[in-house]
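S.K.: Below is the file target18.tsv, which contains TSV, C-alpha atoms and all ligand atoms.
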chain	number	residue	atom	x	y	z
A	69	MET	CA	0.00	0.00	0.00
A	70	GLU	CA	2.94	2.33	0.69
A	71	LYS	CA	4.12	1.89	-2.91
A	72	LEU	CA	0.61	2.49	-4.21
A	73	ARG	CA	0.29	5.62	-2.11
A	74	ASP	CA	3.66	6.97	-3.33
A	75	ALA	CA	2.81	6.26	-6.95
A	76	LEU	CA	-0.55	7.97	-6.57
A	77	ASP	CA	1.07	11.01	-4.99
A	78	LYS	CA	3.42	11.16	-7.98
A	79	ALA	CA	0.54	10.88	-10.43
A	80	ARG	CA	-1.29	13.67	-8.60
A	81	ALA	CA	1.82	15.86	-8.69
A	82	VAL	CA	2.19	15.27	-12.44
A	83	ARG	CA	-1.36	16.36	-13.06
A	84	GLY	CA	-0.70	19.44	-10.95
A	85	GLY	CA	-2.56	18.82	-7.75
A	86	THR	CA	-2.63	17.10	-4.43
A	87	ALA	CA	-5.38	14.76	-3.33
A	88	PRO	CA	-8.75	16.01	-4.55
A	89	ALA	CA	-10.37	18.30	-2.04
A	90	ALA	CA	-13.57	16.98	-0.51
A	91	ARG	CA	-16.57	18.93	-1.67
A	92	PRO	CA	-19.00	19.14	1.22
A	93	ARG	CA	-22.44	18.10	0.12
A	94	GLY	CA	-24.15	16.97	3.26
A	95	PRO	CA	-27.69	15.75	2.77
A	96	ALA	CA	-30.51	16.96	4.98
A	97	PRO	CA	-30.21	15.14	8.32
A	98	LEU	CA	-32.74	12.36	8.83
A	99	ARG	CA	-31.74	11.36	12.32
A	100	GLY	CA	-33.94	9.76	14.85
A	101	ARG	CA	-36.08	6.69	15.10
A	102	THR	CA	-39.81	6.82	15.33
A	103	ALA	CA	-42.46	4.16	15.83
A	104	ALA	CA	-43.14	4.45	12.09
A	105	THR	CA	-39.52	3.79	11.07
A	106	ASP	CA	-39.30	0.89	13.54
A	107	ALA	CA	-42.46	-0.60	12.04
A	108	ALA	CA	-41.21	-0.09	8.49
A	109	TRP	CA	-37.99	-1.98	9.27
A	110	ALA	CA	-39.82	-4.74	11.11
A	111	ASP	CA	-42.13	-5.22	8.10
A	112	LEU	CA	-39.31	-6.01	5.66
A	113	ALA	CA	-39.03	-9.70	4.75
A	114	ALA	CA	-36.28	-11.20	6.88
A	115	PHE	CA	-33.54	-13.34	5.40
A	116	ALA	CA	-30.69	-15.16	7.14
A	117	PRO	CA	-27.79	-15.93	4.80
A	118	ASP	CA	-26.00	-19.25	5.17
A	119	PRO	CA	-22.68	-18.57	6.94
A	120	LYS	CA	-20.95	-21.37	5.00
A	121	LEU	CA	-21.98	-19.92	1.67
A	122	LEU	CA	-20.88	-16.48	2.78
A	123	ALA	CA	-17.48	-17.78	3.85
A	124	LYS	CA	-17.09	-19.59	0.52
A	125	ASN	CA	-17.81	-16.29	-1.21
A	126	ARG	CA	-15.28	-14.42	0.94
A	127	VAL	CA	-17.90	-12.67	3.04
A	128	VAL	CA	-16.40	-12.91	6.49
A	129	THR	CA	-18.10	-10.27	8.61
A	130	LEU	CA	-21.31	-11.96	9.74
A	131	ASP	CA	-19.65	-12.60	13.09
A	132	PRO	CA	-16.74	-10.85	14.75
A	133	GLY	CA	-13.32	-12.46	14.42
A	134	ARG	CA	-9.88	-12.23	12.96
A	135	GLU	CA	-11.03	-12.29	9.34
A	136	ALA	CA	-13.68	-9.65	9.99
A	137	THR	CA	-11.25	-7.23	11.62
A	138	PRO	CA	-9.99	-5.48	8.47
A	139	PHE	CA	-13.59	-4.76	7.47
A	140	ASP	CA	-14.46	-3.61	10.97
A	141	ILE	CA	-11.64	-1.11	10.66
A	142	LEU	CA	-12.94	-0.06	7.25
A	143	ARG	CA	-16.40	0.32	8.80
A	144	THR	CA	-15.14	2.51	11.62
A	145	LYS	CA	-13.04	4.71	9.35
A	146	THR	CA	-15.91	5.05	6.91
A	147	LEU	CA	-18.40	5.91	9.63
A	148	LEU	CA	-16.14	8.48	11.23
A	149	GLN	CA	-15.43	10.28	8.00
A	150	MET	CA	-19.02	10.18	6.83
A	151	ARG	CA	-20.37	11.42	10.14
A	152	ARG	CA	-17.82	14.20	10.30
A	153	ASN	CA	-19.02	15.45	6.95
A	154	GLY	CA	-22.70	14.73	7.41
A	155	TRP	CA	-22.66	12.21	4.53
A	156	ARG	CA	-25.15	9.37	4.19
A	157	ARG	CA	-24.74	7.87	0.69
A	158	LEU	CA	-21.63	5.83	-0.04
A	159	GLY	CA	-20.83	4.53	-3.52
A	160	ILE	CA	-18.42	1.65	-4.06
A	161	THR	CA	-16.73	1.48	-7.45
A	162	SER	CA	-13.50	0.39	-9.11
A	163	PRO	CA	-11.61	1.19	-12.29
A	164	GLY	CA	-12.48	-2.08	-14.06
A	165	PRO	CA	-14.67	-5.16	-13.46
A	166	ALA	CA	-14.02	-7.96	-10.95
A	167	CYS	CA	-11.98	-5.82	-8.56
A	168	GLY	CA	-13.92	-6.90	-5.47
A	169	LYS	CA	-16.65	-4.23	-5.22
A	170	THR	CA	-19.51	-6.57	-4.39
A	171	THR	CA	-17.42	-8.56	-1.93
A	172	THR	CA	-16.31	-5.34	-0.24
A	173	ALA	CA	-19.86	-3.95	-0.18
A	174	ALA	CA	-21.27	-7.13	1.38
A	175	ASN	CA	-18.51	-7.34	3.97
A	176	LEU	CA	-18.79	-3.69	4.89
A	177	CYS	CA	-22.58	-3.86	5.22
A	178	LEU	CA	-22.58	-7.03	7.34
A	179	SER	CA	-19.93	-5.44	9.53
A	180	LEU	CA	-22.14	-2.36	9.87
A	181	ALA	CA	-25.09	-4.62	10.72
A	182	ARG	CA	-23.22	-5.87	13.79
A	183	GLN	CA	-23.59	-2.37	15.19
A	184	VAL	CA	-27.16	-2.61	16.40
A	185	GLU	CA	-27.65	1.12	16.74
A	186	LEU	CA	-27.00	1.63	13.01
A	187	ARG	CA	-29.35	1.08	10.13
A	188	THR	CA	-27.89	0.44	6.70
A	189	ILE	CA	-29.40	-0.02	3.27
A	190	LEU	CA	-27.40	-1.77	0.53
A	191	MET	CA	-28.49	-1.22	-3.06
A	192	GLU	CA	-27.13	-3.27	-5.93
A	193	MET	CA	-26.56	-0.85	-8.78
A	194	ASP	CA	-24.10	-2.83	-10.93
A	195	LEU	CA	-27.09	-3.80	-12.98
A	196	ARG	CA	-25.21	-5.20	-15.97
A	197	ARG	CA	-23.40	-7.70	-13.77
A	198	PRO	CA	-25.48	-8.28	-10.66
A	199	ALA	CA	-23.78	-10.63	-8.24
A	200	LEU	CA	-25.23	-10.06	-4.80
A	201	SER	CA	-28.00	-12.63	-4.93
A	202	LYS	CA	-25.53	-15.38	-5.80
A	203	LEU	CA	-23.12	-14.14	-3.17
A	204	LEU	CA	-25.81	-14.15	-0.48
A	205	GLY	CA	-27.70	-17.19	-1.74
A	206	ARG	CA	-31.11	-15.61	-2.18
A	207	LYS	CA	-32.73	-14.43	-5.37
A	208	PRO	CA	-35.16	-11.56	-4.90
A	209	GLU	CA	-38.64	-12.16	-6.29
A	210	ILE	CA	-38.80	-8.63	-7.61
A	211	ASP	CA	-35.98	-6.80	-9.34
A	212	ILE	CA	-34.49	-3.62	-7.89
A	213	GLY	CA	-35.32	-1.85	-11.17
A	214	GLU	CA	-39.05	-2.07	-10.51
A	215	MET	CA	-38.52	-0.60	-7.06
A	216	LEU	CA	-36.33	2.21	-8.34
A	217	MET	CA	-38.92	3.13	-10.96
A	218	GLY	CA	-41.54	3.37	-8.23
A	219	GLU	CA	-43.57	0.42	-9.54
A	220	VAL	CA	-43.09	-1.67	-6.40
A	221	PRO	CA	-42.55	-0.34	-2.87
A	222	PHE	CA	-39.21	-0.90	-1.14
A	223	ALA	CA	-41.10	-2.82	1.52
A	224	ARG	CA	-42.00	-5.52	-1.02
A	225	GLN	CA	-38.70	-5.64	-2.85
A	226	ALA	CA	-35.97	-5.41	-0.20
A	227	LEU	CA	-34.86	-8.14	2.19
A	228	ARG	CA	-33.74	-7.58	5.74
A	229	VAL	CA	-30.66	-9.28	7.17
A	230	ARG	CA	-30.76	-9.06	10.95
A	231	ASP	CA	-32.79	-6.14	12.27
A	232	ASN	CA	-30.86	-3.33	10.71
A	233	LEU	CA	-29.55	-4.13	7.22
A	234	ALA	CA	-31.92	-3.89	4.25
A	235	ILE	CA	-30.68	-5.20	0.92
A	236	SER	CA	-32.17	-4.35	-2.43
A	237	MET	CA	-30.86	-6.69	-5.13
A	238	SER	CA	-31.14	-7.17	-8.83
A	239	ALA	CA	-32.93	-10.32	-9.94
A	240	ARG	CA	-31.43	-10.32	-13.45
A	241	PRO	CA	-28.79	-8.58	-15.56
A	242	HIS	CA	-29.92	-5.40	-17.30
A	243	ARG	CA	-28.88	-4.26	-20.76
A	244	ASP	CA	-29.75	-0.63	-20.24
A	245	PRO	CA	-28.90	0.35	-16.66
A	246	ALA	CA	-28.72	4.06	-17.51
A	247	ARG	CA	-32.49	3.92	-17.70
A	248	TYR	CA	-32.57	3.34	-13.95
A	249	MET	CA	-29.44	5.15	-12.92
A	250	LEU	CA	-30.31	8.41	-14.62
A	251	SER	CA	-34.05	8.60	-14.14
A	252	ALA	CA	-35.90	11.18	-12.07
A	253	GLU	CA	-37.98	8.30	-10.66
A	254	THR	CA	-34.85	6.73	-9.15
A	255	GLU	CA	-33.93	10.01	-7.55
A	256	GLN	CA	-37.42	10.34	-6.07
A	257	THR	CA	-37.44	6.72	-4.90
A	258	LEU	CA	-34.09	7.06	-3.14
A	259	ASP	CA	-35.27	10.19	-1.34
A	260	ALA	CA	-38.56	8.53	-0.37
A	261	VAL	CA	-36.85	5.35	0.91
A	262	GLU	CA	-34.45	7.43	3.00
A	263	ALA	CA	-37.30	9.49	4.41
A	264	GLU	CA	-39.28	6.39	5.38
A	265	TYR	CA	-36.48	4.14	6.68
A	266	ARG	CA	-34.06	6.78	7.96
A	267	PRO	CA	-30.91	4.74	7.37
A	268	ASP	CA	-27.63	5.97	8.81
A	269	LEU	CA	-25.92	4.79	5.64
A	270	VAL	CA	-26.99	3.88	2.14
A	271	VAL	CA	-24.34	1.86	0.33
A	272	PHE	CA	-24.44	1.52	-3.46
A	273	ASP	CA	-22.60	-1.36	-5.12
A	274	LEU	CA	-21.83	0.49	-8.35
A	275	PRO	CA	-20.57	-0.59	-11.77
A	276	PRO	CA	-16.89	-0.07	-12.62
A	277	LEU	CA	-16.14	3.53	-13.45
A	278	LEU	CA	-13.97	3.29	-16.55
A	279	VAL	CA	-16.00	0.69	-18.42
A	280	SER	CA	-19.25	2.48	-19.17
A	281	ASP	CA	-21.02	5.73	-18.48
A	282	ASP	CA	-23.41	4.20	-15.94
A	283	THR	CA	-21.36	5.06	-12.89
A	284	ARG	CA	-20.34	8.55	-14.01
A	285	ALA	CA	-24.01	9.31	-14.36
A	286	PHE	CA	-24.79	8.09	-10.88
A	287	ILE	CA	-21.94	9.20	-8.64
A	288	GLY	CA	-23.17	12.77	-8.50
A	289	LYS	CA	-26.08	11.38	-6.43
A	290	VAL	CA	-23.86	9.93	-3.70
A	291	ASP	CA	-22.03	11.88	-1.01
A	292	CYS	CA	-18.75	9.98	-1.27
A	293	VAL	CA	-17.15	7.06	-3.05
A	294	LEU	CA	-14.86	4.25	-1.97
A	295	MET	CA	-12.65	2.98	-4.76
A	296	VAL	CA	-11.75	-0.72	-4.77
A	297	VAL	CA	-8.58	-1.47	-6.70
A	298	ARG	CA	-7.33	-4.91	-7.53
A	299	ALA	CA	-3.71	-5.82	-6.85
A	300	GLU	CA	-1.78	-6.82	-9.97
A	301	GLN	CA	-4.66	-5.77	-12.20
A	302	SER	CA	-5.72	-2.14	-11.71
A	303	SER	CA	-2.97	-0.01	-13.26
A	304	MET	CA	-1.75	3.23	-11.73
A	305	ALA	CA	-3.08	5.14	-14.73
A	306	GLN	CA	-6.52	3.56	-14.22
A	307	ILE	CA	-6.52	4.31	-10.51
A	308	ASP	CA	-5.50	7.89	-11.14
A	309	ALA	CA	-8.15	8.34	-13.85
A	310	CYS	CA	-10.78	6.80	-11.60
A	311	GLU	CA	-9.87	9.03	-8.66
A	312	ARG	CA	-9.93	12.12	-10.88
A	313	GLU	CA	-13.27	11.15	-12.35
A	314	ILE	CA	-14.83	10.59	-8.92
A	315	SER	CA	-13.51	13.87	-7.58
A	316	GLU	CA	-15.14	15.73	-10.46
A	317	HIS	CA	-18.56	14.57	-9.30
A	318	THR	CA	-18.34	13.88	-5.58
A	319	ASN	CA	-15.97	13.15	-2.67
A	320	VAL	CA	-13.35	10.43	-2.74
A	321	LEU	CA	-13.64	8.67	0.60
A	322	GLY	CA	-10.68	6.36	0.17
A	323	MET	CA	-9.28	3.33	-1.54
A	324	VAL	CA	-9.40	-0.36	-0.75
A	325	LEU	CA	-6.73	-2.68	-2.09
A	326	SER	CA	-8.24	-6.04	-2.86
A	327	HIS	CA	-6.75	-9.37	-3.97
A	328	ALA	CA	-3.42	-8.51	-2.32
A	329	ARG	CA	-1.41	-11.69	-2.04
A	330	PHE	CA	1.08	-10.14	0.34
A	331	ALA	CA	-0.93	-7.92	2.62
A	332	ASP	CA	0.71	-5.65	5.18
A	333	THR	CA	-1.66	-7.12	7.73
A	334	GLU	CA	-3.12	-10.58	7.93
A	335	GLY	CA	-6.40	-9.61	6.32
A	336	TYR	CA	-7.38	-9.58	2.68
A	337	TYR	CA	-7.62	-5.84	2.47
A	338	ASP	CA	-5.68	-2.67	3.00
A	339	TYR	CA	-6.99	0.88	2.96
A	340	ASP	CA	-5.92	4.34	2.13
A	341	TYR	CA	-8.12	7.18	3.15
A	342	GLY	CA	-7.81	10.40	1.14
B	401	LIG	N1	-9.79	-9.72	-1.36
B	401	LIG	C1	-10.02	-10.71	-2.23
B	401	LIG	N2	-9.10	-11.69	-2.40
B	401	LIG	C2	-9.29	-12.67	-3.28
B	401	LIG	N3	-10.39	-12.79	-4.06
B	401	LIG	C3	-11.34	-11.86	-3.94
B	401	LIG	C4	-11.21	-10.76	-3.02
B	401	LIG	N4	-12.32	-9.98	-3.13
B	401	LIG	C5	-13.09	-10.55	-4.08
B	401	LIG	N5	-12.53	-11.68	-4.57
B	401	LIG	C6	-13.06	-12.55	-5.63
B	401	LIG	O1	-12.91	-11.86	-6.86
B	401	LIG	C7	-14.03	-12.08	-7.69
B	401	LIG	C8	-14.65	-10.73	-8.08
B	401	LIG	O2	-15.14	-10.11	-6.88
B	401	LIG	P1	-16.45	-9.19	-6.88
B	401	LIG	O3	-16.60	-8.70	-5.50
B	401	LIG	O4	-17.59	-9.91	-7.51
B	401	LIG	O5	-15.93	-8.04	-7.85
B	401	LIG	P2	-16.75	-6.86	-8.58
B	401	LIG	O6	-18.00	-6.64	-7.81
B	401	LIG	O7	-15.79	-5.71	-8.54
B	401	LIG	O8	-16.99	-7.34	-9.98
B	401	LIG	C9	-14.96	-12.97	-6.91
B	401	LIG	O9	-14.75	-14.29	-7.32
B	401	LIG	C10	-14.54	-12.77	-5.47
B	401	LIG	O10	-14.80	-13.89	-4.66
B	402	MG	MG	-19.99	-6.73	-8.48
Let me see whether you can do it: turn the structure in this file into structure tokens.
Ligand SMILES: Nc1ncnc2c1ncn2[C@@H]1O[C@H](COP(=O)(O)OP(=O)(O)O)[C@@H](O)[C@H]1O
Ligand SMILES: [Mg+2]

M.R.:
Amino acid sequence: MEKLRDALDKARAVRGGTAPAARPRGPAPLRGRTAATDAAWADLAAFAPDPKLLAKNRVVTLDPGREATPFDILRTKTLLQMRRNGWRRLGITSPGPACGKTTTAANLCLSLARQVELRTILMEMDLRRPALSKLLGRKPEIDIGEMLMGEVPFARQALRVRDNLAISMSARPHRDPARYMLSAETEQTLDAVEAEYRPDLVVFDLPPLLVSDDTRAFIGKVDCVLMVVRAEQSSMAQIDACEREISEHTNVLGMVLSHARFADTEGYYDYDYG
């Protein structure tokens, strides 16, 4: 990670800047639980993922332990920075495909779910290559697209893991995700879901940034973005381009190094917060 950090600093210097400055864009606060929000959460269909399947799919944060620790640190750092800035929506993206976005999103959200005072919503927005339902072992009856377009309420589409994590998944791959990602209906739905469920965090598992326009179109709607980069695959030029692109639209929260064979610590992941 040290090498990666040095190389990124060099790339930033070449393009004439330091790390991109965070642009404050705090959403309206939605704090506080009411009987109505409690009832709304309780009404979501509950789902308990199989721990063995999760472990097979590298999701290691259902319970505390050595393997969960790196994600618990990521959770704490993320929470601190988001709270400090009054941010609620977190996007997770990467330069290219198969960098570990979905695995990171699932691990981070299950780690967040172990904090009982927090409520988190995870939305699967990598609609061309949905992977969450396979990862978690449960196909949703209704696709997230129908919910985003306001055709089906969140209450009927999302599943609840434990008491405090709601997951909205895609039931099938989409050929035209921009339709959902760019629409005014999606914007309205996200606002309405946040108003009704009052999550502390909404995490979006996004498509890769440099592959299509889907993510560029969407990241202006989130408060900050975590970039997952894959060891021995994501090039420095890609990482730099991705960071620059994110910072044009929103705040770069930090970077997660995935697939590192020789980690500094014993976990799978390493982080760099901007
Ligand atoms: N830290 C990691 N170390 C090794 N393999 C990983 C790691 N994170 C994810 N993977 C594996 O890499 C593949 C792609 O991960 P995924 O999270 O689906 O990527 P993305 O969502 O970016 O396409 C999956 O097979 C996943 O199990
Ligand atoms: Mg994915």

S.K.: Within 12 Å of Arg182 of chain A, counting all atoms listed in the file, which residues show up once you throw out same-chain ones fewer than 6 positions away? Write them as a VMD selection string, please.

M.R.: chain A and resid 129 to 133 136 139 to 140 143 to 144 175 to 176 188 229 to 233

S.K.: Give me, as a ChimeraX atom specification, the set of residues whose atoms come within 6 Å of any atom of ligand MG 402 (chain B), counting all atoms listed in the file.

M.R.: /A:169-170,199

S.K.: Which residue out of A:Glu316, A:Asp282, A:Asp211, A:Asp273 has the minimum interatomic distance to ligand LIG 401 (chain B) when only C-alpha atoms and all ligand atoms are used?

M.R.: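 The shortest atom-to-atom distance to ligand LIG 401 (chain B) comes from A:Asp273.
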
S.K.: Tell me, as a count of residues only, which residues lie within 12 Å of segment 219-224 of chain A, counting only C-alpha atoms; anything in the same chain fewer than 5 positions away does not count.

M.R.: 34

S.K.: Residues within 8 Å of ligand LIG 401 (chain B) should be enumerated using all atoms listed in the file and returned as a PyMOL selection string.

M.R.: chain A and resi 125-126+161-162+164-173+194+197+199+273+275-276+296+325-329+336-337

S.K.: What is the atom CA of Ala305 of chain A-atom CA of Lys78 of chain A distance in Å, reported with one decimal?

M.R.: 11.1 Å

S.K.: One decimal, Å: what's the distance from atom CA of Lys145 of chain A over to atom CA of Val290 of chain A, could you say?

M.R.: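 Interatomic distance, atom CA of Lys145 of chain A to atom CA of Val290 of chain A: 17.7 Å.
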
S.K.: For atom CA of His317 of chain A and atom CA of Leu277 of chain A, determine how far apart the two atoms are, in Å to one decimal place.

M.R.: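 Rounded to one decimal, the two atoms are 12.0 Å apart.
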
S.K.: Considering all atoms listed in the file, state which residue in the set A:Glu300, A:Ile160, A:Ser238, A:Cys310 is at the smallest distance from Thr146 of chain A.

M.R.: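 Answer, going by the shortest atom-to-atom distance: A:Ile160.
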
S.K.: Please output segment 163-189 of chain A, rebuilt to include N, CA and C atoms, as a PDB file, in the frame of the given file.

M.R.:
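Printed below is out_1.pdb as written:
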ATOM      1  N   PRO A 163     -11.911   0.817 -10.911  1.00  0.00           N
ATOM      2  CA  PRO A 163     -11.610   1.190 -12.290  1.00  0.00           C
ATOM      3  C   PRO A 163     -12.237   0.208 -13.296  1.00  0.00           C
ATOM      4  N   GLY A 164     -11.975  -1.075 -13.122  1.00  0.00           N
ATOM      5  CA  GLY A 164     -12.480  -2.080 -14.060  1.00  0.00           C
ATOM      6  C   GLY A 164     -13.355  -3.104 -13.349  1.00  0.00           C
ATOM      7  N   PRO A 165     -13.818  -4.130 -14.085  1.00  0.00           N
ATOM      8  CA  PRO A 165     -14.670  -5.160 -13.460  1.00  0.00           C
ATOM      9  C   PRO A 165     -13.860  -6.124 -12.580  1.00  0.00           C
ATOM     10  N   ALA A 166     -14.587  -6.871 -11.774  1.00  0.00           N
ATOM     11  CA  ALA A 166     -14.020  -7.960 -10.950  1.00  0.00           C
ATOM     12  C   ALA A 166     -12.884  -7.515 -10.040  1.00  0.00           C
ATOM     13  N   CYS A 167     -13.007  -6.326  -9.491  1.00  0.00           N
ATOM     14  CA  CYS A 167     -11.980  -5.820  -8.560  1.00  0.00           C
ATOM     15  C   CYS A 167     -12.319  -6.151  -7.110  1.00  0.00           C
ATOM     16  N   GLY A 168     -13.530  -6.587  -6.845  1.00  0.00           N
ATOM     17  CA  GLY A 168     -13.920  -6.900  -5.470  1.00  0.00           C
ATOM     18  C   GLY A 168     -14.946  -5.939  -4.878  1.00  0.00           C
ATOM     19  N   LYS A 169     -15.649  -5.205  -5.721  1.00  0.00           N
ATOM     20  CA  LYS A 169     -16.650  -4.230  -5.220  1.00  0.00           C
ATOM     21  C   LYS A 169     -17.770  -4.896  -4.437  1.00  0.00           C
ATOM     22  N   THR A 170     -18.358  -5.930  -5.041  1.00  0.00           N
ATOM     23  CA  THR A 170     -19.510  -6.570  -4.390  1.00  0.00           C
ATOM     24  C   THR A 170     -19.089  -7.252  -3.101  1.00  0.00           C
ATOM     25  N   THR A 171     -17.934  -7.892  -3.133  1.00  0.00           N
ATOM     26  CA  THR A 171     -17.420  -8.560  -1.930  1.00  0.00           C
ATOM     27  C   THR A 171     -17.161  -7.519  -0.835  1.00  0.00           C
ATOM     28  N   THR A 172     -16.581  -6.398  -1.221  1.00  0.00           N
ATOM     29  CA  THR A 172     -16.310  -5.340  -0.240  1.00  0.00           C
ATOM     30  C   THR A 172     -17.624  -4.769   0.298  1.00  0.00           C
ATOM     31  N   ALA A 173     -18.578  -4.526  -0.599  1.00  0.00           N
ATOM     32  CA  ALA A 173     -19.860  -3.950  -0.180  1.00  0.00           C
ATOM     33  C   ALA A 173     -20.563  -4.879   0.815  1.00  0.00           C
ATOM     34  N   ALA A 174     -20.583  -6.169   0.494  1.00  0.00           N
ATOM     35  CA  ALA A 174     -21.270  -7.130   1.380  1.00  0.00           C
ATOM     36  C   ALA A 174     -20.564  -7.216   2.731  1.00  0.00           C
ATOM     37  N   ASN A 175     -19.247  -7.271   2.703  1.00  0.00           N
ATOM     38  CA  ASN A 175     -18.510  -7.340   3.970  1.00  0.00           C
ATOM     39  C   ASN A 175     -18.694  -6.086   4.803  1.00  0.00           C
ATOM     40  N   LEU A 176     -18.621  -4.943   4.148  1.00  0.00           N
ATOM     41  CA  LEU A 176     -18.790  -3.690   4.890  1.00  0.00           C
ATOM     42  C   LEU A 176     -20.191  -3.612   5.499  1.00  0.00           C
ATOM     43  N   CYS A 177     -21.202  -3.987   4.724  1.00  0.00           N
ATOM     44  CA  CYS A 177     -22.580  -3.860   5.220  1.00  0.00           C
ATOM     45  C   CYS A 177     -22.872  -4.854   6.343  1.00  0.00           C
ATOM     46  N   LEU A 178     -22.353  -6.075   6.244  1.00  0.00           N
ATOM     47  CA  LEU A 178     -22.580  -7.030   7.340  1.00  0.00           C
ATOM     48  C   LEU A 178     -21.801  -6.618   8.589  1.00  0.00           C
ATOM     49  N   SER A 179     -20.676  -5.975   8.380  1.00  0.00           N
ATOM     50  CA  SER A 179     -19.930  -5.440   9.530  1.00  0.00           C
ATOM     51  C   SER A 179     -20.736  -4.305  10.165  1.00  0.00           C
ATOM     52  N   LEU A 180     -21.299  -3.442   9.339  1.00  0.00           N
ATOM     53  CA  LEU A 180     -22.140  -2.360   9.870  1.00  0.00           C
ATOM     54  C   LEU A 180     -23.347  -2.928  10.615  1.00  0.00           C
ATOM     55  N   ALA A 181     -23.894  -4.035  10.104  1.00  0.00           N
ATOM     56  CA  ALA A 181     -25.090  -4.620  10.720  1.00  0.00           C
ATOM     57  C   ALA A 181     -24.817  -5.163  12.115  1.00  0.00           C
ATOM     58  N   ARG A 182     -23.546  -5.420  12.426  1.00  0.00           N
ATOM     59  CA  ARG A 182     -23.220  -5.870  13.790  1.00  0.00           C
ATOM     60  C   ARG A 182     -23.279  -4.725  14.779  1.00  0.00           C
ATOM     61  N   GLN A 183     -23.400  -3.515  14.282  1.00  0.00           N
ATOM     62  CA  GLN A 183     -23.590  -2.370  15.190  1.00  0.00           C
ATOM     63  C   GLN A 183     -25.094  -2.106  15.265  1.00  0.00           C
ATOM     64  N   VAL A 184     -25.701  -2.568  16.352  1.00  0.00           N
ATOM     65  CA  VAL A 184     -27.160  -2.610  16.400  1.00  0.00           C
ATOM     66  C   VAL A 184     -27.805  -1.228  16.362  1.00  0.00           C
ATOM     67  N   GLU A 185     -27.047  -0.203  16.730  1.00  0.00           N
ATOM     68  CA  GLU A 185     -27.650   1.120  16.740  1.00  0.00           C
ATOM     69  C   GLU A 185     -27.690   1.756  15.341  1.00  0.00           C
ATOM     70  N   LEU A 186     -27.052   1.069  14.372  1.00  0.00           N
ATOM     71  CA  LEU A 186     -27.000   1.630  13.010  1.00  0.00           C
ATOM     72  C   LEU A 186     -27.988   0.930  12.093  1.00  0.00           C
ATOM     73  N   ARG A 187     -28.538   1.697  11.173  1.00  0.00           N
ATOM     74  CA  ARG A 187     -29.350   1.080  10.130  1.00  0.00           C
ATOM     75  C   ARG A 187     -28.713   1.372   8.775  1.00  0.00           C
ATOM     76  N   THR A 188     -28.567   0.302   8.003  1.00  0.00           N
ATOM     77  CA  THR A 188     -27.890   0.440   6.700  1.00  0.00           C
ATOM     78  C   THR A 188     -28.765  -0.141   5.601  1.00  0.00           C
ATOM     79  N   ILE A 189     -28.743   0.528   4.458  1.00  0.00           N
ATOM     80  CA  ILE A 189     -29.400  -0.020   3.270  1.00  0.00           C
ATOM     81  C   ILE A 189     -28.324  -0.255   2.220  1.00  0.00           C
TER      82      ILE A 189
END
